[in-house]
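The next block holds one structure in the form of structure tokens; read it before the comments.
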Amino acid sequence: MFSEKHDAVIGKVLSPHGVMGLVKVLPLSDHPERVSLLEEVELLFGSERRTAQVEQASVFGRFWLIKFREIANREDAAGIRDNLVIIPKEERLSLPEDSFYHDQLVGLKVYTSQSCVLGIITDIIRTGGHDLFVIEQHDREGKSHLVPAIKNFIKKVDLKAGSITVDLPEGLLEL
């Protein structure tokens with residue numbers, strides 16, 4: 001069973017590639033180059049979870065090509081279509097200072113620089129330019145706000161305290 005608390009989804013098996021058991025994988029990682037570091041992963045489909053040894057892996061355009069030791073031919077590869085590729089969260093690549101994985105931020109309480117509670121981050125929307133925090137307000141009719149996740153607005157992220165402090169331009173929350 002998948003555990004959001006302990007596991008990170010890094011890819012999804014799309015289809016067989018060739019006849020030797022390679023699979024084409026859609027990376028769900030901000031670090032596509034990480035595929036070359038994989039040695040062992042878990043494959044998850046529904047509630048079925050199994051360990052797979054990575055024999056070879058490479059970047060193929062915007063996809064990954066992976067050969068698992070347990071997959072011998074095209075038919076075996078077709079059998080793992082739509083499986084999620086997961087790793088333990090502690091095996092994720094380190095991020096630069098002041099960078100965070102989305103799952104580290106969802107659920108954090110957001111405060112203004114004047115210590116007023118804005119709400120809780122319930123989702124993060126990826127856009128072409130920058131991410132947007134979806135902040136749900138529980139004290140004002142369940143209203144939500146989209147706040148750009150940019151350094152000019154984010155003053156402090158404290159994962160231990162479970163909080164983010166923001167300094168937003170006047171009028172942003174009224175949009």
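Chain labels follow the order of the structure tokens: the first chain is A, the next B, and so on; residue numbering restarts at 1 in every chain, and ligands are counted from 1 in their shown order.
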**Request:** Skip Glu42 in chain A itself and residues of its chain fewer than 6 positions away, then list as a list in words all residues within 6 Å of it, counting only C-alpha atoms.
**Result:** Arg50, Thr51, Ala52, Val85 and Ile86 of chain A
Based on the selection just made, write C-alpha atoms of those residues as a tab-separated table (two decimals), in the first residue's frame.
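Printed below is part-v7.tsv as written:
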chain	number	residue	atom	x	y	z
A	50	ARG	CA	6.32	-5.16	-5.58
A	51	THR	CA	10.04	-4.50	-5.53
A	52	ALA	CA	11.89	-4.16	-8.83
A	85	VAL	CA	7.31	3.98	-9.68
A	86	ILE	CA	7.89	4.88	-6.03
Output as a PDB file with C-alpha atoms, in the first residue's frame all residues of range 81-155 of chain A that backbone DSSP marks as alpha helix (DSSP H).
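In the end it all went to selection_4.pdb:
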ATOM      1  CA  HIS A 102       5.470  20.127  -2.577  1.00  0.00           C
ATOM      2  CA  ASP A 103       4.455  17.478  -0.055  1.00  0.00           C
ATOM      3  CA  GLN A 104       6.562  19.281   2.556  1.00  0.00           C
ATOM      4  CA  LEU A 105       4.513  22.467   2.079  1.00  0.00           C
TER       5      LEU A 105
END
**Prompt:** Hey, what's within 12 Å of range 75-84 of chain A if we count only C-alpha atoms and toss same-chain stuff fewer than 3 positions away? As a PyMOL selection string, please?
**Reply:** chain A and resi 1-2+7-28+41-52+65-72+87
Residue subset to file, keeping N, CA and C atoms, as a short mmCIF file (atom, residue, chain, number, x, y, z; two decimals), in the first residue's frame:
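The resulting file, out08.cif, is shown below:
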data_model
loop_
_atom_site.label_atom_id
_atom_site.label_comp_id
_atom_site.auth_asym_id
_atom_site.auth_seq_id
_atom_site.Cartn_x
_atom_site.Cartn_y
_atom_site.Cartn_z
N MET A 1 0.85 -1.19 0.00
CA MET A 1 0.00 0.00 0.00
C MET A 1 0.88 1.24 0.00
N PHE A 2 0.46 2.25 -0.74
CA PHE A 2 1.20 3.50 -0.85
C PHE A 2 0.99 4.34 0.40
N ASP A 7 6.42 7.49 1.17
CA ASP A 7 6.79 7.19 -0.20
C ASP A 7 6.67 8.42 -1.10
N ALA A 8 7.48 8.43 -2.16
CA ALA A 8 7.42 9.49 -3.17
C ALA A 8 7.23 8.84 -4.53
N VAL A 9 6.22 9.28 -5.26
CA VAL A 9 6.01 8.79 -6.62
C VAL A 9 6.94 9.57 -7.53
N ILE A 10 7.77 8.85 -8.29
CA ILE A 10 8.72 9.53 -9.17
C ILE A 10 8.44 9.27 -10.64
N GLY A 11 7.51 8.36 -10.94
CA GLY A 11 7.22 8.08 -12.34
C GLY A 11 6.00 7.19 -12.50
N LYS A 12 5.56 7.08 -13.75
CA LYS A 12 4.43 6.20 -14.10
C LYS A 12 4.80 5.45 -15.37
N VAL A 13 4.69 4.11 -15.33
CA VAL A 13 5.00 3.28 -16.49
C VAL A 13 3.93 3.50 -17.55
N LEU A 14 4.37 3.87 -18.76
CA LEU A 14 3.43 4.14 -19.85
C LEU A 14 3.24 2.96 -20.78
N SER A 15 4.36 2.37 -21.25
CA SER A 15 4.24 1.32 -22.26
C SER A 15 5.55 0.57 -22.40
N PRO A 16 5.49 -0.61 -23.06
CA PRO A 16 6.74 -1.30 -23.40
C PRO A 16 7.51 -0.49 -24.43
N HIS A 17 8.82 -0.70 -24.47
CA HIS A 17 9.66 -0.04 -25.48
C HIS A 17 10.57 -1.12 -26.06
N GLY A 18 10.28 -1.53 -27.26
CA GLY A 18 11.05 -2.61 -27.87
C GLY A 18 10.58 -3.97 -27.38
N VAL A 19 11.42 -5.00 -27.60
CA VAL A 19 11.03 -6.37 -27.28
C VAL A 19 11.82 -6.98 -26.14
N MET A 20 12.77 -6.23 -25.57
CA MET A 20 13.67 -6.79 -24.55
C MET A 20 13.26 -6.47 -23.11
N GLY A 21 12.05 -5.94 -22.92
CA GLY A 21 11.57 -5.70 -21.57
C GLY A 21 11.75 -4.28 -21.06
N LEU A 22 12.23 -3.37 -21.91
CA LEU A 22 12.32 -1.97 -21.51
C LEU A 22 10.91 -1.38 -21.41
N VAL A 23 10.75 -0.43 -20.49
CA VAL A 23 9.48 0.30 -20.40
C VAL A 23 9.75 1.79 -20.51
N LYS A 24 8.77 2.48 -21.11
CA LYS A 24 8.82 3.94 -21.18
C LYS A 24 8.07 4.46 -19.97
N VAL A 25 8.70 5.38 -19.25
CA VAL A 25 8.15 5.90 -17.99
C VAL A 25 8.01 7.41 -18.08
N LEU A 26 6.88 7.91 -17.65
CA LEU A 26 6.68 9.35 -17.54
C LEU A 26 7.28 9.80 -16.21
N PRO A 27 8.32 10.64 -16.22
CA PRO A 27 8.89 11.11 -14.95
C PRO A 27 7.91 12.02 -14.22
N LEU A 28 7.75 11.80 -12.95
CA LEU A 28 6.94 12.68 -12.10
C LEU A 28 7.86 13.28 -11.04
N VAL A 41 13.38 0.07 -6.89
CA VAL A 41 12.17 0.86 -6.73
C VAL A 41 11.03 -0.08 -6.35
N GLU A 42 9.92 0.51 -6.02
CA GLU A 42 8.69 -0.24 -5.82
C GLU A 42 7.77 0.10 -6.98
N LEU A 43 7.09 -0.91 -7.51
CA LEU A 43 6.07 -0.70 -8.53
C LEU A 43 4.73 -0.89 -7.86
N LEU A 44 3.84 0.05 -8.08
CA LEU A 44 2.54 0.03 -7.41
C LEU A 44 1.43 0.13 -8.44
N PHE A 45 0.51 -0.81 -8.36
CA PHE A 45 -0.68 -0.78 -9.20
C PHE A 45 -1.85 -1.17 -8.30
N GLY A 46 -2.75 -0.20 -8.07
CA GLY A 46 -3.84 -0.46 -7.13
C GLY A 46 -3.26 -0.70 -5.76
N SER A 47 -3.57 -1.84 -5.17
CA SER A 47 -3.01 -2.16 -3.86
C SER A 47 -1.85 -3.14 -3.96
N GLU A 48 -1.50 -3.54 -5.19
CA GLU A 48 -0.39 -4.46 -5.39
C GLU A 48 0.92 -3.69 -5.48
N ARG A 49 1.85 -4.06 -4.62
CA ARG A 49 3.15 -3.38 -4.56
C ARG A 49 4.24 -4.45 -4.62
N ARG A 50 5.22 -4.21 -5.49
CA ARG A 50 6.32 -5.16 -5.58
C ARG A 50 7.63 -4.45 -5.85
N THR A 51 8.70 -5.05 -5.36
CA THR A 51 10.04 -4.50 -5.53
C THR A 51 10.57 -4.86 -6.91
N ALA A 52 11.28 -3.92 -7.53
CA ALA A 52 11.89 -4.16 -8.83
C ALA A 52 13.31 -3.63 -8.83
N LEU A 65 13.61 5.56 -20.02
CA LEU A 65 13.58 4.15 -20.42
C LEU A 65 14.23 3.37 -19.30
N ILE A 66 13.49 2.39 -18.78
CA ILE A 66 14.00 1.60 -17.65
C ILE A 66 13.87 0.11 -17.98
N LYS A 67 14.92 -0.63 -17.67
CA LYS A 67 14.90 -2.09 -17.77
C LYS A 67 14.97 -2.63 -16.35
N PHE A 68 13.90 -3.32 -15.96
CA PHE A 68 13.85 -3.96 -14.64
C PHE A 68 14.30 -5.41 -14.78
N ARG A 69 15.06 -5.89 -13.83
CA ARG A 69 15.55 -7.27 -13.85
C ARG A 69 14.39 -8.27 -13.95
N GLU A 70 13.29 -7.96 -13.32
CA GLU A 70 12.15 -8.88 -13.28
C GLU A 70 11.33 -8.90 -14.57
N ILE A 71 11.60 -7.98 -15.48
CA ILE A 71 10.84 -7.86 -16.73
C ILE A 71 11.71 -8.35 -17.88
N ALA A 72 11.35 -9.50 -18.47
CA ALA A 72 12.21 -10.15 -19.46
C ALA A 72 11.87 -9.84 -20.90
N ILE A 87 9.66 5.49 -4.55
CA ILE A 87 10.86 5.31 -3.73
C ILE A 87 10.54 5.83 -2.33
#
**Request:** Pick out each residue of chain A that DSSP on the backbone tags as strand (DSSP E or B); I need them as a ChimeraX atom specification.
**Result:** /A:7-17,22-27,40-45,48-60,63-68,84-88,109-112,117-125,132-136,144-148,154-158,163-166
**Item:** Residue among A:Pro32, A:Gly61, A:Pro169, A:Gly107 lying closest to Thr122 in chain A, counting only C-alpha atoms
**Value:** A:Gly107
**Message:** I'd like the contact shell of Thr165 in chain A - 6 Å cut-off, only C-alpha atoms, skipping same-chain residues fewer than 5 positions apart - returned as a ChimeraX atom specification.
**Reply:** /A:110-113,155-156
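Using only C-alpha atoms, the contacts of Leu38 in chain A at a cut-off of 9 Å, with sequence neighbours closer than 3 positions omitted, comprise Arg34, Val35, Val41, Gln53, Val54, Glu55, Gln56 and Ala57 of chain A.
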**Asked** In Å to one decimal, how far is CA of Ser94 in chain A from CA of Glu39 in chain A?
**Response** 17.3 Å
**Request:** Excluding His6 in chain A and residues on its chain fewer than 5 positions from it, collect all residues at most 9 Å away from it, counting only C-alpha atoms, and give them as an MDAnalysis selection string.
**Result:** chainID A and resid 87:90
**Message:** As an exercise, work out the distance from CA of Pro148 in chain A to CA of Val166 in chain A in Å and give it to one decimal place.
**Reply:** 10.3 Å
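If you measure from each of A:Leu168, A:Ile121, A:Leu95, A:Ala149 to Glu136 in chain A using only C-alpha atoms, the closest one turns out to be A:Ile121.
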